Number of protein chains: 2
Amino acid sequence: MKNHEIKMEWQGDMAFEGLINGHKVRVDADESVGGNDSGPRPKPFVLVALAGCTGMDVTMILKKMRVVIEDLNISVNGTLSEEQPAQYTSMHVTYEFKGENLNLDKLTKAVELSQNQYCGVSAMYKKAIPLTYEIKII
Amino acid sequence: MKNHEIKMEWQGDMAFEGLINGHKVRVDADESVGGNDSGPRPKPFVLVALAGCTGMDVTMILKKMRVVIEDLNISVNGTLSEEQPAQYTSMHVTYEFKGENLNLDKLTKAVELSQNQYCGVSAMYKKAIPLTYEIKII
């Protein structure tokens with residue numbers, strides 16, 4: 001059975017650090033709750049994981065389709081619950097593509113393949129919350 | 001309605017980078033799938049978010065309880081599905097505490113408060129998959 005294991009080591013106060021695939025990752029709280037802002041908050045990493053996962057899918061699929069893009073920004077907006085503990089209750093992904101004569105159908109096909117078949121982060125999150133997306137050409 | 005928004009910008013090939021709470025975060029694929037390993041893979045960030053969130057809770061709760069710890073390592077093991085897309089189907093969190101005369105009941109209380117009441121990442125993930133934990137004093 002395949003698995004991933006990560007380890008985060010306490011750095012004092014509210015900071016934790018670990019090596020993820022050999023790369024240093026640090027999280028910290030902000031000063032208002034006793035942290036030192038020496039790294040990002042942990043919760044937005046839930047969104048980063050999704051942006052990175054689907055982003056890699058889409059660039060790989062477009063490359064196979066021989067669609068050349070100049071740029072791609074992926075934003076993920078997570079709505080937080082009013083009740084405690086504050087948790088994401090829905091997410092919306094916005095794909096902003098830039099390039100010459102981009103074909104919206106092909107971009108849509110690439111995004112749909114990621115969201116419905118390739119992206120394991122999306123697949124897991126969709127079991128917990130609604131996940132929507134939109135595509136923009138800028 | 002409160003929300004978090006993150007934005008990741010494509011860096012060519014399979015790399016994406018963004019500022020999260022003002023801190024640079026980069027993800028990349030490994031060479032075998034067309035990446036350059038210039039950052040960690042995105043999927044383990046799902047586990048990092050959980051480790052960081054519950055870790056901050058536990059250190060904060062123990063501080064309020066006046067329990068002094070010397071060290072704390074938090075490991076998160078995510079089991080991946082056999083079927084595609086590979087996604088976490090369960091997670092197990094291991095808290096390793098180090099300190100003099102640590103009281104297991106108080107450590108357990110702090111971990112339970114995080115897992116059952118404080119940690120919004122845990123609360124979201126538990127809607128999708130089973131999440132277990134254990135406490136070790138080393």
# chains A, B, ... in the order shown; residues from 1 in each chain; ligands from 1

call {"tool": "select_by_dssp", "arguments": {"residues": "chain B", "states": "strand (DSSP E)", "output": "PDB file with N, CA and C atoms, in the first residue's frame"}}
result
ATOM      1  N   ASN B   3     -13.183  34.449   3.813  1.00  0.00           N
ATOM      2  CA  ASN B   3     -12.567  33.465   2.924  1.00  0.00           C
ATOM      3  C   ASN B   3     -11.064  33.700   2.813  1.00  0.00           C
ATOM      4  N   HIS B   4     -10.385  32.705   2.309  1.00  0.00           N
ATOM      5  CA  HIS B   4      -8.958  32.798   2.002  1.00  0.00           C
ATOM      6  C   HIS B   4      -8.798  32.650   0.497  1.00  0.00           C
ATOM      7  N   GLU B   5      -7.944  33.478  -0.088  1.00  0.00           N
ATOM      8  CA  GLU B   5      -7.636  33.287  -1.512  1.00  0.00           C
ATOM      9  C   GLU B   5      -6.127  33.216  -1.709  1.00  0.00           C
ATOM     10  N   ILE B   6      -5.706  32.206  -2.441  1.00  0.00           N
ATOM     11  CA  ILE B   6      -4.284  32.097  -2.784  1.00  0.00           C
ATOM     12  C   ILE B   6      -4.173  32.109  -4.307  1.00  0.00           C
ATOM     13  N   LYS B   7      -3.005  32.546  -4.796  1.00  0.00           N
ATOM     14  CA  LYS B   7      -2.781  32.594  -6.242  1.00  0.00           C
ATOM     15  C   LYS B   7      -1.407  32.017  -6.541  1.00  0.00           C
ATOM     16  N   MET B   8      -1.371  31.034  -7.433  1.00  0.00           N
ATOM     17  CA  MET B   8      -0.107  30.410  -7.827  1.00  0.00           C
ATOM     18  C   MET B   8       0.136  30.734  -9.305  1.00  0.00           C
ATOM     19  N   GLU B   9       1.350  31.211  -9.607  1.00  0.00           N
ATOM     20  CA  GLU B   9       1.689  31.612 -10.975  1.00  0.00           C
ATOM     21  C   GLU B   9       2.631  30.582 -11.596  1.00  0.00           C
ATOM     22  N   TRP B  10       2.322  30.228 -12.810  1.00  0.00           N
ATOM     23  CA  TRP B  10       3.117  29.246 -13.537  1.00  0.00           C
ATOM     24  C   TRP B  10       4.521  29.773 -13.782  1.00  0.00           C
ATOM     25  N   PHE B  16       5.027  26.016 -10.098  1.00  0.00           N
ATOM     26  CA  PHE B  16       4.113  27.110  -9.749  1.00  0.00           C
ATOM     27  C   PHE B  16       4.619  27.758  -8.470  1.00  0.00           C
ATOM     28  N   GLU B  17       4.413  29.082  -8.400  1.00  0.00           N
ATOM     29  CA  GLU B  17       4.897  29.807  -7.229  1.00  0.00           C
ATOM     30  C   GLU B  17       3.887  30.874  -6.839  1.00  0.00           C
ATOM     31  N   GLY B  18       3.771  31.125  -5.555  1.00  0.00           N
ATOM     32  CA  GLY B  18       2.867  32.174  -5.090  1.00  0.00           C
ATOM     33  C   GLY B  18       3.321  32.710  -3.750  1.00  0.00           C
ATOM     34  N   LEU B  19       2.756  33.845  -3.356  1.00  0.00           N
ATOM     35  CA  LEU B  19       3.009  34.414  -2.038  1.00  0.00           C
ATOM     36  C   LEU B  19       1.836  34.033  -1.139  1.00  0.00           C
ATOM     37  N   ILE B  20       2.137  33.335  -0.057  1.00  0.00           N
ATOM     38  CA  ILE B  20       1.097  32.925   0.889  1.00  0.00           C
ATOM     39  C   ILE B  20       1.382  33.651   2.199  1.00  0.00           C
ATOM     40  N   HIS B  23       4.785  35.044   2.163  1.00  0.00           N
ATOM     41  CA  HIS B  23       5.938  34.140   2.080  1.00  0.00           C
ATOM     42  C   HIS B  23       5.899  33.340   0.786  1.00  0.00           C
ATOM     43  N   LYS B  24       7.043  33.270   0.115  1.00  0.00           N
ATOM     44  CA  LYS B  24       7.105  32.557  -1.161  1.00  0.00           C
ATOM     45  C   LYS B  24       6.911  31.058  -0.962  1.00  0.00           C
ATOM     46  N   VAL B  25       6.010  30.482  -1.743  1.00  0.00           N
ATOM     47  CA  VAL B  25       5.805  29.027  -1.723  1.00  0.00           C
ATOM     48  C   VAL B  25       5.891  28.541  -3.162  1.00  0.00           C
ATOM     49  N   ARG B  26       6.690  27.503  -3.363  1.00  0.00           N
ATOM     50  CA  ARG B  26       6.882  26.972  -4.714  1.00  0.00           C
ATOM     51  C   ARG B  26       6.602  25.477  -4.719  1.00  0.00           C
ATOM     52  N   VAL B  27       5.941  25.000  -5.759  1.00  0.00           N
ATOM     53  CA  VAL B  27       5.755  23.559  -5.937  1.00  0.00           C
ATOM     54  C   VAL B  27       6.302  23.177  -7.304  1.00  0.00           C
ATOM     55  N   ASP B  71      10.359  19.421  23.168  1.00  0.00           N
ATOM     56  CA  ASP B  71      10.324  19.222  21.720  1.00  0.00           C
ATOM     57  C   ASP B  71       9.005  18.561  21.324  1.00  0.00           C
ATOM     58  N   LEU B  72       8.632  18.755  20.071  1.00  0.00           N
ATOM     59  CA  LEU B  72       7.413  18.140  19.535  1.00  0.00           C
ATOM     60  C   LEU B  72       7.606  17.920  18.038  1.00  0.00           C
ATOM     61  N   ASN B  73       7.514  16.671  17.635  1.00  0.00           N
ATOM     62  CA  ASN B  73       7.512  16.343  16.204  1.00  0.00           C
ATOM     63  C   ASN B  73       6.139  15.815  15.844  1.00  0.00           C
ATOM     64  N   ILE B  74       5.634  16.294  14.721  1.00  0.00           N
ATOM     65  CA  ILE B  74       4.334  15.810  14.263  1.00  0.00           C
ATOM     66  C   ILE B  74       4.503  15.181  12.885  1.00  0.00           C
ATOM     67  N   SER B  75       4.206  13.880  12.807  1.00  0.00           N
ATOM     68  CA  SER B  75       4.259  13.179  11.522  1.00  0.00           C
ATOM     69  C   SER B  75       2.842  12.908  11.057  1.00  0.00           C
ATOM     70  N   VAL B  76       2.624  13.062   9.774  1.00  0.00           N
ATOM     71  CA  VAL B  76       1.323  12.700   9.206  1.00  0.00           C
ATOM     72  C   VAL B  76       1.570  11.706   8.087  1.00  0.00           C
ATOM     73  N   ASN B  77       0.935  10.563   8.214  1.00  0.00           N
ATOM     74  CA  ASN B  77       1.048   9.520   7.205  1.00  0.00           C
ATOM     75  C   ASN B  77      -0.286   9.433   6.457  1.00  0.00           C
ATOM     76  N   GLY B  78      -0.223   9.634   5.161  1.00  0.00           N
ATOM     77  CA  GLY B  78      -1.425   9.574   4.334  1.00  0.00           C
ATOM     78  C   GLY B  78      -1.377   8.350   3.433  1.00  0.00           C
ATOM     79  N   THR B  79      -2.364   7.480   3.560  1.00  0.00           N
ATOM     80  CA  THR B  79      -2.448   6.297   2.695  1.00  0.00           C
ATOM     81  C   THR B  79      -3.060   6.699   1.361  1.00  0.00           C
ATOM     82  N   LEU B  80      -2.418   6.277   0.272  1.00  0.00           N
ATOM     83  CA  LEU B  80      -2.899   6.643  -1.064  1.00  0.00           C
ATOM     84  C   LEU B  80      -3.753   5.532  -1.657  1.00  0.00           C
ATOM     85  N   TYR B  88      -5.456  10.622  -0.960  1.00  0.00           N
ATOM     86  CA  TYR B  88      -5.371  10.115   0.406  1.00  0.00           C
ATOM     87  C   TYR B  88      -6.724   9.544   0.818  1.00  0.00           C
ATOM     88  N   THR B  89      -6.694   8.299   1.296  1.00  0.00           N
ATOM     89  CA  THR B  89      -7.940   7.639   1.717  1.00  0.00           C
ATOM     90  C   THR B  89      -8.023   7.521   3.235  1.00  0.00           C
ATOM     91  N   SER B  90      -6.910   7.781   3.924  1.00  0.00           N
ATOM     92  CA  SER B  90      -6.910   7.866   5.386  1.00  0.00           C
ATOM     93  C   SER B  90      -5.626   8.576   5.800  1.00  0.00           C
ATOM     94  N   MET B  91      -5.652   9.139   7.003  1.00  0.00           N
ATOM     95  CA  MET B  91      -4.450   9.804   7.533  1.00  0.00           C
ATOM     96  C   MET B  91      -4.272   9.406   8.979  1.00  0.00           C
ATOM     97  N   HIS B  92      -2.991   9.325   9.365  1.00  0.00           N
ATOM     98  CA  HIS B  92      -2.657   9.013  10.756  1.00  0.00           C
ATOM     99  C   HIS B  92      -1.624  10.026  11.242  1.00  0.00           C
ATOM    100  N   VAL B  93      -1.941  10.692  12.342  1.00  0.00           N
ATOM    101  CA  VAL B  93      -1.054  11.721  12.893  1.00  0.00           C
ATOM    102  C   VAL B  93      -0.343  11.156  14.114  1.00  0.00           C
ATOM    103  N   THR B  94       0.976  11.276  14.159  1.00  0.00           N
ATOM    104  CA  THR B  94       1.754  10.850  15.331  1.00  0.00           C
ATOM    105  C   THR B  94       2.386  12.080  15.987  1.00  0.00           C
ATOM    106  N   TYR B  95       2.050  12.281  17.251  1.00  0.00           N
ATOM    107  CA  TYR B  95       2.622  13.378  18.043  1.00  0.00           C
ATOM    108  C   TYR B  95       3.717  12.794  18.915  1.00  0.00           C
ATOM    109  N   GLU B  96       4.945  13.252  18.740  1.00  0.00           N
ATOM    110  CA  GLU B  96       6.064  12.799  19.569  1.00  0.00           C
ATOM    111  C   GLU B  96       6.516  13.937  20.462  1.00  0.00           C
ATOM    112  N   PHE B  97       6.245  13.794  21.747  1.00  0.00           N
ATOM    113  CA  PHE B  97       6.617  14.844  22.704  1.00  0.00           C
ATOM    114  C   PHE B  97       7.904  14.470  23.423  1.00  0.00           C
ATOM    115  N   LYS B  98       8.695  15.479  23.742  1.00  0.00           N
ATOM    116  CA  LYS B  98       9.896  15.282  24.547  1.00  0.00           C
ATOM    117  C   LYS B  98       9.869  16.318  25.663  1.00  0.00           C
ATOM    118  N   LEU B 131      -9.525   9.750  10.042  1.00  0.00           N
ATOM    119  CA  LEU B 131      -8.309  10.389  10.551  1.00  0.00           C
ATOM    120  C   LEU B 131      -8.049   9.866  11.966  1.00  0.00           C
ATOM    121  N   THR B 132      -6.898   9.269  12.166  1.00  0.00           N
ATOM    122  CA  THR B 132      -6.558   8.719  13.479  1.00  0.00           C
ATOM    123  C   THR B 132      -5.285   9.386  14.002  1.00  0.00           C
ATOM    124  N   TYR B 133      -5.017   9.185  15.287  1.00  0.00           N
ATOM    125  CA  TYR B 133      -3.784   9.774  15.847  1.00  0.00           C
ATOM    126  C   TYR B 133      -3.280   8.974  17.027  1.00  0.00           C
ATOM    127  N   GLU B 134      -2.023   9.186  17.325  1.00  0.00           N
ATOM    128  CA  GLU B 134      -1.421   8.564  18.509  1.00  0.00           C
ATOM    129  C   GLU B 134      -0.424   9.527  19.121  1.00  0.00           C
ATOM    130  N   ILE B 135      -0.143   9.298  20.408  1.00  0.00           N
ATOM    131  CA  ILE B 135       0.742  10.179  21.162  1.00  0.00           C
ATOM    132  C   ILE B 135       1.900   9.353  21.692  1.00  0.00           C
ATOM    133  N   LYS B 136       3.111   9.856  21.487  1.00  0.00           N
ATOM    134  CA  LYS B 136       4.295   9.175  22.015  1.00  0.00           C
ATOM    135  C   LYS B 136       5.098  10.156  22.868  1.00  0.00           C
ATOM    136  N   ILE B 137       5.645   9.641  23.950  1.00  0.00           N
ATOM    137  CA  ILE B 137       6.597  10.447  24.715  1.00  0.00           C
ATOM    138  C   ILE B 137       7.954   9.815  24.509  1.00  0.00           C
TER     139      ILE B 137
END

call {"tool": "residues_around", "arguments": {"residues": "stretch 64-68 of chain B", "least_positions_apart": "4", "cutoff": "10 Å", "atoms": "only C-alpha atoms", "output": "list of chain:residue names"}}
result
B:Val58, B:Thr59, B:Met60, B:Lys98, B:Gly99, B:Glu100, B:Asn101, B:Leu102, B:Asn103, B:Lys106, B:Leu107, B:Ala110

call {"tool": "write_last_selection", "arguments": {"atoms": "C-alpha atoms", "output": "compact mmCIF listing (two decimals), in the first residue's frame"}}
result
# COMPACT_ATOMS: atom_id res chain seq x y z
CA VAL B 58 -1.31 21.77 20.76
CA THR B 59 1.60 24.09 21.61
CA MET B 60 -0.87 26.89 22.40
CA LYS B 98 9.90 15.28 24.55
CA GLY B 99 10.22 16.84 27.99
CA GLU B 100 10.76 16.18 31.70
CA ASN B 101 8.02 14.40 33.66
CA LEU B 102 5.42 14.92 30.95
CA ASN B 103 1.88 14.08 32.01
CA LYS B 106 -2.53 16.51 29.79
CA LEU B 107 -0.85 15.82 26.45
CA ALA B 110 -4.38 18.96 24.37

call {"tool": "closest_residue", "arguments": {"among": "A:Asp57, A:Met1, A:Asp28, A:Gly35", "to": "B:Ala15", "atoms": "only C-alpha atoms"}}
result
A:Asp57

call {"tool": "closest_residue", "arguments": {"among": "A:Gln11, A:Gln84, A:Asn21, A:Val121", "to": "B:Gly52", "atoms": "only C-alpha atoms"}}
result
A:Gln11

call {"tool": "residues_around", "arguments": {"residues": "A:Leu113", "least_positions_apart": "4", "cutoff": "9 Å", "atoms": "only C-alpha atoms", "output": "compact mmCIF listing (two decimals) with N, CA and C atoms, in the first residue's frame"}}
result
# COMPACT_ATOMS: atom_id res chain seq x y z
N ASP A 57 -1.34 19.24 -13.72
CA ASP A 57 -2.16 18.46 -14.67
C ASP A 57 -2.40 19.24 -15.95
N VAL A 58 -2.89 20.47 -15.77
CA VAL A 58 -3.33 21.27 -16.92
C VAL A 58 -2.16 21.59 -17.85
N ILE A 61 -1.32 18.33 -19.68
CA ILE A 61 -2.33 17.95 -20.68
C ILE A 61 -2.24 18.87 -21.90
N THR A 108 -10.78 24.17 -21.76
CA THR A 108 -11.84 23.59 -20.93
C THR A 108 -11.66 22.09 -20.79
N LYS A 109 -11.31 21.45 -21.91
CA LYS A 109 -11.08 20.00 -21.90
C LYS A 109 -9.95 19.65 -20.92
N GLN A 117 -10.66 13.71 -13.50
CA GLN A 117 -9.95 12.43 -13.64
C GLN A 117 -8.55 12.40 -13.04
N TYR A 118 -7.79 13.49 -13.15
CA TYR A 118 -6.36 13.41 -12.83
C TYR A 118 -5.99 13.87 -11.43
N CYS A 119 -6.69 14.88 -10.91
CA CYS A 119 -6.20 15.56 -9.71
C CYS A 119 -6.70 14.88 -8.43

call {"tool": "closest_residue", "arguments": {"among": "A:Leu62, A:Ala49, A:Val33, A:Leu104", "to": "chain B", "atoms": "only C-alpha atoms"}}
result
A:Ala49

call {"tool": "closest_residue", "arguments": {"among": "B:Ser114, B:Glu31, B:Tyr125, B:Gly12", "to": "B:Val46", "atoms": "only C-alpha atoms"}}
result
B:Tyr125

call {"tool": "closest_residue", "arguments": {"among": "A:Ser122, A:Ser32, A:Glu112, A:Pro40", "to": "chain B", "atoms": "only C-alpha atoms"}}
result
A:Pro40

call {"tool": "atom_distance", "arguments": {"atom1": "atom CA of A:Gly39", "atom2": "atom CA of B:Ser38"}}
result
18.4 Å

call {"tool": "closest_residue", "arguments": {"among": "A:Gly120, A:Ile69, A:Ile129, A:Asp37", "to": "chain B", "atoms": "only C-alpha atoms"}}
result
A:Gly120

call {"tool": "select_by_dssp", "arguments": {"residues": "chain A", "states": "helix (DSSP H, G or I)", "output": "number ranges by chain"}}
result
A: 31-33, 45-64, 104-118, 120-126

call {"tool": "decode", "arguments": {"residues": "stretch 82-108 of chain A", "atoms": "N, CA, C and O atoms", "output": "short mmCIF file (atom, residue, chain, number, x, y, z; two decimals), in the first residue's frame"}}
result
data_model
loop_
_atom_site.label_atom_id
_atom_site.label_comp_id
_atom_site.auth_asym_id
_atom_site.auth_seq_id
_atom_site.Cartn_x
_atom_site.Cartn_y
_atom_site.Cartn_z
N GLU A 82 -18.58 29.99 9.40
CA GLU A 82 -18.78 30.96 10.49
C GLU A 82 -18.47 30.27 11.82
O GLU A 82 -17.86 30.85 12.71
N GLU A 83 -18.93 29.03 11.96
CA GLU A 83 -18.76 28.34 13.25
C GLU A 83 -17.32 27.81 13.38
O GLU A 83 -16.63 27.57 12.40
N GLN A 84 -16.94 27.62 14.65
CA GLN A 84 -15.62 27.09 14.96
C GLN A 84 -15.64 25.57 14.93
O GLN A 84 -16.66 24.98 15.30
N PRO A 85 -14.55 24.89 14.57
CA PRO A 85 -13.32 25.50 14.06
C PRO A 85 -13.51 26.00 12.62
O PRO A 85 -14.18 25.32 11.82
N ALA A 86 -12.93 27.16 12.32
CA ALA A 86 -13.06 27.75 10.98
C ALA A 86 -12.45 26.79 9.96
O ALA A 86 -11.28 26.44 10.03
N GLN A 87 -13.30 26.34 9.04
CA GLN A 87 -12.85 25.37 8.04
C GLN A 87 -13.41 25.72 6.68
O GLN A 87 -14.43 26.41 6.59
N TYR A 88 -12.74 25.29 5.63
CA TYR A 88 -13.23 25.58 4.29
C TYR A 88 -14.51 24.78 4.04
O TYR A 88 -14.53 23.55 4.23
N THR A 89 -15.56 25.49 3.62
CA THR A 89 -16.84 24.83 3.36
C THR A 89 -17.13 24.75 1.86
O THR A 89 -18.07 24.06 1.45
N SER A 90 -16.36 25.48 1.06
CA SER A 90 -16.43 25.35 -0.40
C SER A 90 -15.16 25.96 -0.97
O SER A 90 -14.49 26.76 -0.29
N MET A 91 -14.83 25.59 -2.20
CA MET A 91 -13.66 26.16 -2.87
C MET A 91 -14.01 26.46 -4.31
O MET A 91 -14.81 25.74 -4.93
N HIS A 92 -13.40 27.54 -4.81
CA HIS A 92 -13.60 27.92 -6.21
C HIS A 92 -12.23 28.16 -6.85
O HIS A 92 -11.43 28.95 -6.33
N VAL A 93 -11.98 27.48 -7.94
CA VAL A 93 -10.69 27.60 -8.63
C VAL A 93 -10.86 28.44 -9.88
O VAL A 93 -11.76 28.19 -10.68
N THR A 94 -10.02 29.45 -10.06
CA THR A 94 -10.04 30.27 -11.27
C THR A 94 -8.73 30.06 -12.04
O THR A 94 -7.65 30.26 -11.50
N TYR A 95 -8.88 29.61 -13.28
CA TYR A 95 -7.74 29.41 -14.18
C TYR A 95 -7.68 30.60 -15.12
O TYR A 95 -8.62 30.83 -15.88
N GLU A 96 -6.59 31.36 -15.09
CA GLU A 96 -6.41 32.49 -16.00
C GLU A 96 -5.30 32.17 -16.99
O GLU A 96 -4.12 32.11 -16.60
N PHE A 97 -5.70 31.96 -18.23
CA PHE A 97 -4.72 31.63 -19.26
C PHE A 97 -4.36 32.85 -20.09
O PHE A 97 -5.21 33.71 -20.35
N LYS A 98 -3.11 32.90 -20.52
CA LYS A 98 -2.67 33.96 -21.43
C LYS A 98 -1.94 33.29 -22.59
O LYS A 98 -1.15 32.34 -22.36
N GLY A 99 -2.20 33.75 -23.82
CA GLY A 99 -1.53 33.17 -24.97
C GLY A 99 -2.19 33.66 -26.24
O GLY A 99 -3.25 34.29 -26.20
N GLU A 100 -1.58 33.34 -27.37
CA GLU A 100 -2.12 33.80 -28.66
C GLU A 100 -3.13 32.80 -29.21
O GLU A 100 -2.82 31.61 -29.30
N ASN A 101 -4.29 33.31 -29.62
CA ASN A 101 -5.33 32.48 -30.25
C ASN A 101 -5.67 31.22 -29.46
O ASN A 101 -5.73 30.13 -30.03
N LEU A 102 -5.82 31.36 -28.18
CA LEU A 102 -6.12 30.18 -27.36
C LEU A 102 -7.52 29.68 -27.66
O LEU A 102 -8.46 30.46 -27.83
N ASN A 103 -7.65 28.37 -27.73
CA ASN A 103 -8.91 27.71 -28.02
C ASN A 103 -9.60 27.34 -26.70
O ASN A 103 -9.12 26.46 -25.98
N LEU A 104 -10.71 28.01 -26.42
CA LEU A 104 -11.39 27.80 -25.14
C LEU A 104 -11.83 26.35 -24.94
O LEU A 104 -11.77 25.82 -23.82
N ASP A 105 -12.23 25.69 -26.02
CA ASP A 105 -12.66 24.29 -25.89
C ASP A 105 -11.52 23.40 -25.39
O ASP A 105 -11.72 22.52 -24.56
N LYS A 106 -10.33 23.63 -25.94
CA LYS A 106 -9.18 22.80 -25.51
C LYS A 106 -8.78 23.11 -24.07
O LYS A 106 -8.44 22.21 -23.31
N LEU A 107 -8.82 24.40 -23.71
CA LEU A 107 -8.50 24.75 -22.33
C LEU A 107 -9.50 24.12 -21.37
O LEU A 107 -9.14 23.57 -20.32
N THR A 108 -10.78 24.17 -21.76
CA THR A 108 -11.84 23.59 -20.93
C THR A 108 -11.66 22.09 -20.79
O THR A 108 -11.80 21.53 -19.71
#
